[in-house]
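Below: data-v8.txt (compact mmCIF, C-alpha atoms)
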# COMPACT_ATOMS: atom_id res chain seq x y z
CA MET A 13 231.51 215.20 310.65
CA MET A 14 234.22 214.95 313.28
CA THR A 15 233.64 216.74 316.57
CA GLU A 16 236.71 215.60 318.47
CA HIS A 17 237.39 218.87 320.28
CA VAL A 18 234.31 221.07 320.09
CA ARG A 19 233.72 223.97 322.41
CA ALA A 20 231.52 226.99 322.83
CA ASP A 21 232.81 230.54 322.77
CA ALA A 22 234.13 231.84 326.08
CA GLU A 23 231.27 234.37 326.14
CA ALA A 24 228.37 233.71 328.46
CA LEU A 25 225.42 231.84 327.00
CA VAL A 26 221.80 232.17 328.04
CA ILE A 27 219.88 228.91 327.90
CA ARG A 28 216.14 229.36 327.88
CA GLY A 29 213.39 226.91 328.79
CA ALA A 30 211.09 225.53 326.13
CA ASP A 31 208.44 228.08 327.14
CA GLY A 32 210.90 230.94 326.64
CA VAL A 33 210.23 232.20 330.17
CA GLY A 34 212.98 230.68 332.28
CA ALA A 35 216.64 231.40 331.61
CA SER A 36 219.96 230.27 333.02
CA GLY A 37 223.43 231.45 332.10
CA VAL A 38 226.67 229.49 331.74
CA VAL A 39 230.28 230.19 330.85
CA VAL A 40 232.46 227.30 329.71
CA GLY A 41 236.18 226.71 329.33
CA ALA A 42 237.98 223.61 328.04
CA ALA A 43 241.50 222.28 327.63
CA THR A 44 243.10 218.98 326.67
CA ASP A 45 246.65 217.67 326.32
CA VAL A 46 248.22 214.46 325.05
CA GLY A 47 250.33 214.19 328.22
CA ARG A 48 254.04 213.49 328.61
CA LEU A 49 254.07 209.80 327.71
CA ARG A 50 251.46 209.35 324.98
CA THR A 51 251.82 210.18 321.29
CA ILE A 52 248.11 210.46 320.40
CA ASN A 53 245.35 212.18 322.33
CA GLU A 54 242.43 209.76 322.62
CA ASP A 55 240.45 212.21 324.78
CA GLY A 56 237.85 214.50 323.30
CA TYR A 57 235.21 216.90 324.53
CA LEU A 58 232.00 218.61 323.53
CA ALA A 59 231.39 221.97 325.18
CA ILE A 60 228.46 223.54 323.39
CA ALA A 61 225.55 224.52 325.62
CA PRO A 62 223.62 222.83 327.03
CA ALA A 63 225.98 219.81 326.77
CA PHE A 64 229.43 219.61 328.37
CA VAL A 65 230.95 216.16 327.88
CA VAL A 66 234.35 214.44 328.06
CA VAL A 67 235.01 211.18 326.23
CA ASP A 68 238.11 209.06 326.86
CA GLY A 69 238.81 206.58 324.06
CA MET A 70 240.03 203.02 324.66
CA GLY A 71 241.40 200.18 322.58
CA GLY A 72 244.74 201.44 321.33
CA HIS A 73 245.70 204.59 319.45
CA ALA A 74 243.62 204.27 316.30
CA ALA A 75 240.68 202.50 317.94
CA GLY A 76 240.51 204.86 320.92
CA ARG A 77 240.71 207.96 318.79
CA MET A 78 237.98 206.74 316.45
CA ALA A 79 235.76 205.72 319.39
CA THR A 80 236.04 209.22 320.81
CA GLN A 81 235.24 210.85 317.50
CA VAL A 82 232.14 208.81 316.69
CA ALA A 83 230.86 209.11 320.26
CA LEU A 84 231.15 212.89 320.14
CA ASP A 85 229.47 212.96 316.74
CA SER A 86 226.48 211.23 318.34
CA LEU A 87 226.47 213.47 321.41
CA TYR A 88 226.54 216.54 319.19
CA SER A 89 222.79 216.02 318.80
CA LEU A 90 222.43 217.67 322.23
CA ALA A 91 224.22 220.88 321.22
CA GLY A 92 222.01 223.95 320.93
CA THR A 93 218.87 222.14 322.08
CA THR A 94 216.53 222.55 325.03
CA VAL A 95 216.63 219.38 327.14
CA THR A 96 213.61 218.74 329.35
CA ASP A 97 214.09 215.13 330.47
CA VAL A 98 216.84 212.66 331.32
CA GLU A 99 215.68 210.30 328.59
CA THR A 100 217.07 212.68 325.98
CA VAL A 101 220.50 212.40 327.58
CA VAL A 102 220.25 208.61 327.86
CA ARG A 103 219.31 208.30 324.18
CA ALA A 104 222.35 210.36 323.15
CA VAL A 105 224.70 208.18 325.23
CA MET A 106 223.15 205.00 323.86
CA ALA A 107 223.59 206.35 320.31
CA ALA A 108 227.26 206.93 321.14
CA GLN A 109 227.54 203.30 322.22
CA GLU A 110 225.93 202.11 318.99
CA ALA A 111 228.32 204.23 316.94
CA ILE A 112 231.35 202.82 318.75
CA VAL A 113 230.21 199.20 318.43
CA ALA A 114 229.66 199.75 314.69
CA ILE A 115 233.33 200.67 314.10
CA PRO A 116 234.92 197.89 312.02
CA SER A 117 237.78 196.34 313.96
CA HIS A 118 239.80 193.16 313.89
CA ALA A 119 242.21 194.23 316.61
CA ALA A 120 242.68 192.37 319.87
CA TYR A 121 241.32 195.38 321.76
CA LEU A 122 238.00 196.67 320.47
CA PRO A 123 237.23 200.38 320.26
CA GLY A 124 235.64 201.69 323.44
CA ALA A 125 235.28 204.79 325.58
CA THR A 126 234.43 206.08 329.00
CA ILE A 127 232.27 209.17 329.29
CA ALA A 128 231.14 211.81 331.76
CA GLY A 129 229.13 214.94 331.28
CA VAL A 130 226.76 217.64 332.41
CA VAL A 131 223.66 218.80 330.56
CA LEU A 132 221.84 221.96 331.62
CA ALA A 133 218.22 220.84 331.41
CA TRP A 134 214.84 222.31 332.28
CA MET A 135 213.17 219.87 334.65
CA GLN A 136 210.11 219.88 336.87
CA ASP A 137 210.83 219.83 340.59
CA GLU A 138 208.74 218.11 343.26
CA HIS A 139 206.35 221.08 343.26
CA GLY A 140 205.77 220.93 339.52
CA ALA A 141 207.79 224.08 338.81
CA THR A 142 210.21 224.01 335.88
CA ARG A 143 213.72 225.06 336.80
CA PRO A 144 217.26 224.69 335.48
CA THR A 145 218.83 221.42 336.54
CA TRP A 146 222.25 219.88 336.06
CA VAL A 147 221.78 216.39 334.60
CA ILE A 148 225.10 214.74 335.43
CA PHE A 149 226.07 211.34 334.04
CA ASN A 150 228.95 208.93 333.57
CA ILE A 151 230.02 205.50 332.41
CA GLY A 152 233.53 204.44 333.40
CA ASP A 153 236.08 206.51 335.30
CA ALA A 154 235.70 209.94 333.75
CA ARG A 155 234.32 212.23 336.46
CA VAL A 156 232.16 215.24 337.28
CA TYR A 157 232.94 217.43 340.28
CA LEU A 158 230.82 220.26 341.71
CA LEU A 159 232.25 223.26 343.56
CA ARG A 160 229.45 225.01 345.45
CA ASP A 161 229.93 227.48 348.30
CA ASP A 162 233.66 226.66 348.26
CA MET A 163 232.92 222.98 348.94
CA LEU A 164 234.06 220.39 346.40
CA SER A 165 232.15 217.15 345.87
CA GLN A 166 232.68 214.35 343.38
CA VAL A 167 229.20 213.82 341.97
CA THR A 168 229.87 210.75 339.87
CA ARG A 169 231.05 207.34 341.02
CA ASP A 170 233.83 205.59 339.10
CA HIS A 171 233.04 202.28 337.43
CA SER A 172 236.44 200.75 338.02
CA ARG A 173 238.21 197.89 339.76
CA VAL A 174 239.93 200.17 342.25
CA GLN A 175 236.66 201.92 343.14
CA ILE A 176 235.29 198.56 344.26
CA LEU A 177 238.43 198.03 346.36
CA VAL A 178 238.01 201.47 347.93
CA GLU A 179 234.37 200.79 348.76
CA THR A 180 235.24 197.46 350.39
CA GLY A 181 237.99 199.13 352.43
CA GLU A 182 240.84 197.17 350.86
CA ILE A 183 242.66 200.30 349.67
CA THR A 184 242.38 204.02 350.38
CA PRO A 185 241.38 206.65 347.79
CA GLU A 186 244.99 207.87 347.77
CA GLN A 187 246.27 204.35 347.12
CA ALA A 188 243.71 203.96 344.35
CA ARG A 189 245.26 206.87 342.45
CA ARG A 190 248.56 204.93 342.24
CA ASP A 191 247.26 201.38 342.05
CA PRO A 192 248.35 199.58 338.84
CA ARG A 193 244.73 198.44 338.38
CA ARG A 194 243.37 201.99 338.40
CA ASN A 195 242.67 202.00 334.66
CA VAL A 196 240.68 198.77 334.67
CA VAL A 197 237.09 199.88 334.16
CA THR A 198 234.03 197.77 334.86
CA ARG A 199 231.74 199.75 332.56
CA ALA A 200 232.37 201.37 329.18
CA LEU A 201 230.84 202.17 325.83
CA GLY A 202 232.03 199.41 323.51
CA GLY A 203 235.46 197.99 324.24
CA GLY A 204 234.09 194.46 324.29
CA ILE A 205 232.38 195.18 327.61
CA ALA A 206 228.74 194.15 327.72
CA ASP A 207 227.05 197.35 328.89
CA SER A 208 223.53 198.70 328.66
CA ALA A 209 224.94 202.17 327.85
CA VAL A 210 222.45 203.63 330.32
CA PRO A 211 224.66 205.97 332.34
CA ASP A 212 224.50 206.63 336.04
CA LEU A 213 222.39 209.78 336.35
CA TYR A 214 222.29 212.53 338.94
CA SER A 215 219.94 215.53 338.93
CA VAL A 216 221.15 218.62 340.80
CA PRO A 217 219.21 221.93 340.85
CA VAL A 218 221.32 224.75 339.42
CA ALA A 219 222.52 227.43 341.83
CA ALA A 220 224.15 230.69 340.79
CA GLY A 221 227.88 230.44 341.35
CA ASP A 222 228.10 226.69 340.73
CA ARG A 223 231.34 225.58 339.11
CA LEU A 224 231.47 222.10 337.58
CA LEU A 225 234.46 220.17 336.32
CA VAL A 226 234.13 217.35 333.80
CA CYS A 227 237.42 215.51 333.39
CA SER A 228 239.09 212.38 332.11
CA ASP A 229 240.91 210.03 334.47
CA GLY A 230 244.21 211.43 333.20
CA LEU A 231 243.49 214.48 335.34
CA SER A 232 242.01 212.80 338.42
CA ASP A 233 244.85 210.24 338.50
CA GLU A 234 247.38 213.06 338.86
CA LEU A 235 245.46 215.51 341.09
CA ASP A 236 243.76 214.72 344.39
CA ASP A 237 240.57 216.45 345.53
CA GLU A 238 242.48 219.09 347.47
CA ALA A 239 244.54 220.09 344.44
CA ILE A 240 241.46 220.18 342.22
CA ALA A 241 239.54 222.28 344.73
CA THR A 242 242.41 224.74 345.06
CA VAL A 243 242.49 225.43 341.33
CA LEU A 244 238.71 225.54 340.93
CA ALA A 245 238.35 228.02 343.81
CA ALA A 246 241.22 230.29 342.79
CA GLY A 247 238.91 232.78 341.07
CA TYR A 248 240.15 232.44 337.50
CA THR A 249 237.88 232.37 334.45
CA ALA A 250 236.47 229.05 333.30
CA GLN A 251 238.90 228.87 330.39
CA ARG A 252 241.94 229.76 332.47
CA THR A 253 240.88 227.30 335.16
CA ALA A 254 240.63 224.46 332.63
CA GLU A 255 244.09 225.32 331.33
CA LEU A 256 245.56 225.46 334.83
CA LEU A 257 244.07 222.09 335.76
CA VAL A 258 245.59 220.44 332.69
CA ALA A 259 248.92 222.14 333.37
CA ALA A 260 248.88 220.91 336.99
CA SER A 261 248.15 217.39 335.74
CA LEU A 262 251.19 217.56 333.47
CA GLU A 263 253.33 218.79 336.35
CA GLY A 264 252.04 215.86 338.39
CA GLY A 265 253.41 213.42 335.85
CA GLY A 266 251.20 213.64 332.77
CA HIS A 267 251.06 209.86 332.46
CA ASP A 268 247.89 209.92 330.33
CA ASN A 269 245.87 212.15 328.07
CA THR A 270 244.16 214.74 330.24
CA THR A 271 241.06 216.84 329.61
CA ALA A 272 239.15 219.39 331.67
CA VAL A 273 235.86 221.13 330.89
CA VAL A 274 234.87 223.82 333.41
CA VAL A 275 231.28 225.10 333.50
CA ASP A 276 230.19 228.13 335.54
CA SER A 277 226.59 229.08 336.23
CA ILE A 278 225.89 232.80 336.31
CA GLU A 279 222.95 234.85 337.41
CA VAL A 280 220.60 235.99 334.67
CA PRO A 281 218.61 239.20 335.23
CA THR A 282 214.84 239.05 335.28
CA PRO A 283 212.69 239.30 333.32
CA ALA A 284 214.29 236.52 331.32
CA HIS A 285 214.11 238.46 328.06
CA ALA A 286 216.07 241.40 329.48
CA ALA A 287 219.11 242.36 327.45
CA VAL A 288 222.37 240.98 328.77
CA PRO A 289 225.49 242.71 327.39
CA GLY A 290 227.87 240.27 325.73
CA VAL A 291 225.50 237.32 326.07
CA ALA A 292 224.48 235.21 323.09
CA ALA A 293 221.23 233.25 323.21
CA VAL A 294 221.27 229.57 322.44
CA GLN A 295 218.66 228.55 319.89
CA GLU A 296 215.39 227.74 321.60
CA ALA A 297 213.52 224.53 320.96
CA GLN A 298 210.69 224.98 318.52

Rewrite the structure from the file as C-alpha cells, please.
Amino acid sequence: MMTEHVRADAEALVIRGADGVGASGVVVGAATDVGRLRTINEDGYLAIAPAFVVVDGMGGHAAGRMATQVALDSLYSLAGTTVTDVETVVRAVMAAQEAIVAIPSHAAYLPGATIAGVVLAWMQDEHGATRPTWVIFNIGDARVYLLRDDMLSQVTRDHSRVQILVETGEITPEQARRDPRRNVVTRALGGGIADSAVPDLYSVPVAAGDRLLVCSDGLSDELDDEAIATVLAAGYTAQRTAELLVAASLEGGGHDNTTAVVVDSIEVPTPAHAAVPGVAAVQEAQ
C-alpha cells in the first residue's frame, strides 16, 4: 500500500471520544507541489482524521521518495482511530523510522525523512476531565503553526543547524531562511542519523476556531511568519488556504518541494450525538 498523498474529504468530520460522549469537529485541506527547481516531489502527507502529517523525504530522488512512502504507510495506522495518549503517536513515528531504516540502499546518502504533524486526541486534563487535545510533534525542520485569535505561533522547534545558530544569537531568523546551511538537519528518521525516533511532543487543548498549518521546510523557507499569518487569516476555506500557501511559496522562489496541510477546528453542537448536516462521523474505537 502506498499512501504518498492521502487526504480526507473537504467535508467536516466529527471525531468522537472513546466513550462516544465527547465530540470535536475538524475540516482539513492539503496541497503539495514539486516546486520550480526539482523534478520529483519527495514530500508527502496524510490528512485523514485524526492524523494530519507532512513527511519530507531525504537521500536523493529515489531514496527520499521511498522514505516518504513507507513512513506514511506506517503512519496510516492512526487514520480513523481514536487516540487517547501520546504513546500511540510515538509508536507510529517509531514504526515509520523502522520502515525507513529497512529500505535496502547502497547509495552514498541513505533514505531518510523529516516529519511534523498534528493528531486530534482525547486526553485527560489536570482535573481528570477528557477533552479534545492537539498532540503536535516533529522531528527535523518540518513545522506546525497555530493560528488562534488571529495570533500566529510556531509550535514546533526546528532540529537544524541554523536553528542552533539562531538560538545562540549568531544569526537572525530572517538570515536563517537564506543561510546555505538551512537544510542541514540535526534530527531525522533514517538518513544515517542516529535518532531515537521519539519526536518532540506538544499538547495543546483544542479551541473552536483554531487553524493549524503543518508544512515542509519548502514552504517555511520561502514564506516568513507574517506572510504565513496573512494567508491563514484571510478567511478562505482550509483547502483554498493550503493551495494559496503553496502558490505563495512558488511565487517566492519554489526552490524545494512544498507541502501544506491546513486543519480547522469547528464547533460541534451538543449533545454530541446531535445530527450535523453534511458531517461524516469517523469510525469510533471499539

Open item on the list: What's the separation between atom CA of Leu122 of chain A and atom CA of Ala200 of chain A, in Å to one decimal place?
Closed with: 11.4 Å

TODO: May I have the residues within 6 Å of Gly129 of chain A as a PyMOL selection string, using only C-alpha atoms and disregarding those fewer than 5 positions away in the same chain?
DONE: chain A and resi 64-65+148-149

Selection to disk with C-alpha atoms, as a PDB file, in the coordinates of the input:
ATOM      1  CA  PHE A  64     229.430 219.610 328.370  1.00  0.00           C
ATOM      2  CA  VAL A  65     230.950 216.160 327.880  1.00  0.00           C
ATOM      3  CA  ILE A 148     225.100 214.740 335.430  1.00  0.00           C
ATOM      4  CA  PHE A 149     226.070 211.340 334.040  1.00  0.00           C
TER       5      PHE A 149
END

Got a sec: who's within 12 Å of Met163 of chain A, counting all atoms listed in the file, leaving out chain neighbours fewer than 5 positions off, as a CSV table (one decimal) with C-alpha atoms, in the coordinates of the input?
chain,number,residue,atom,x,y,z
A,157,TYR,CA,232.9,217.4,340.3
A,158,LEU,CA,230.8,220.3,341.7
A,221,GLY,CA,227.9,230.4,341.4
A,222,ASP,CA,228.1,226.7,340.7
A,223,ARG,CA,231.3,225.6,339.1
A,224,LEU,CA,231.5,222.1,337.6
A,237,ASP,CA,240.6,216.4,345.5
A,238,GLU,CA,242.5,219.1,347.5
A,240,ILE,CA,241.5,220.2,342.2
A,241,ALA,CA,239.5,222.3,344.7
A,242,THR,CA,242.4,224.7,345.1
A,244,LEU,CA,238.7,225.5,340.9
A,245,ALA,CA,238.4,228.0,343.8

TODO: Kindly provide, as a PyMOL selection string, the polymer residues lying within 10 Å of (219.0, 220.8, 344.3), counting only C-alpha atoms and using the coordinates exactly as they appear in the file.
DONE: chain A and resi 137+144-146+215-219

Task: Test item: residues at most 8 Å from Ala43 of chain A, only C-alpha atoms, excluding those fewer than 6 positions along its chain, as a count of residues only - done: 7

- [ ] Could you give me, as a PyMOL selection string, the residues within 6 Å of Val40 of chain A, counting only C-alpha atoms and dropping anything in the same chain fewer than 2 positions from it?
- [x] chain A and resi 250+274-275

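Distances to Ala108 of chain A were evaluated for A:Pro123, A:Thr94, A:Leu49, A:Gly264 using all atoms listed in the file, and the minimum falls at A:Pro123.
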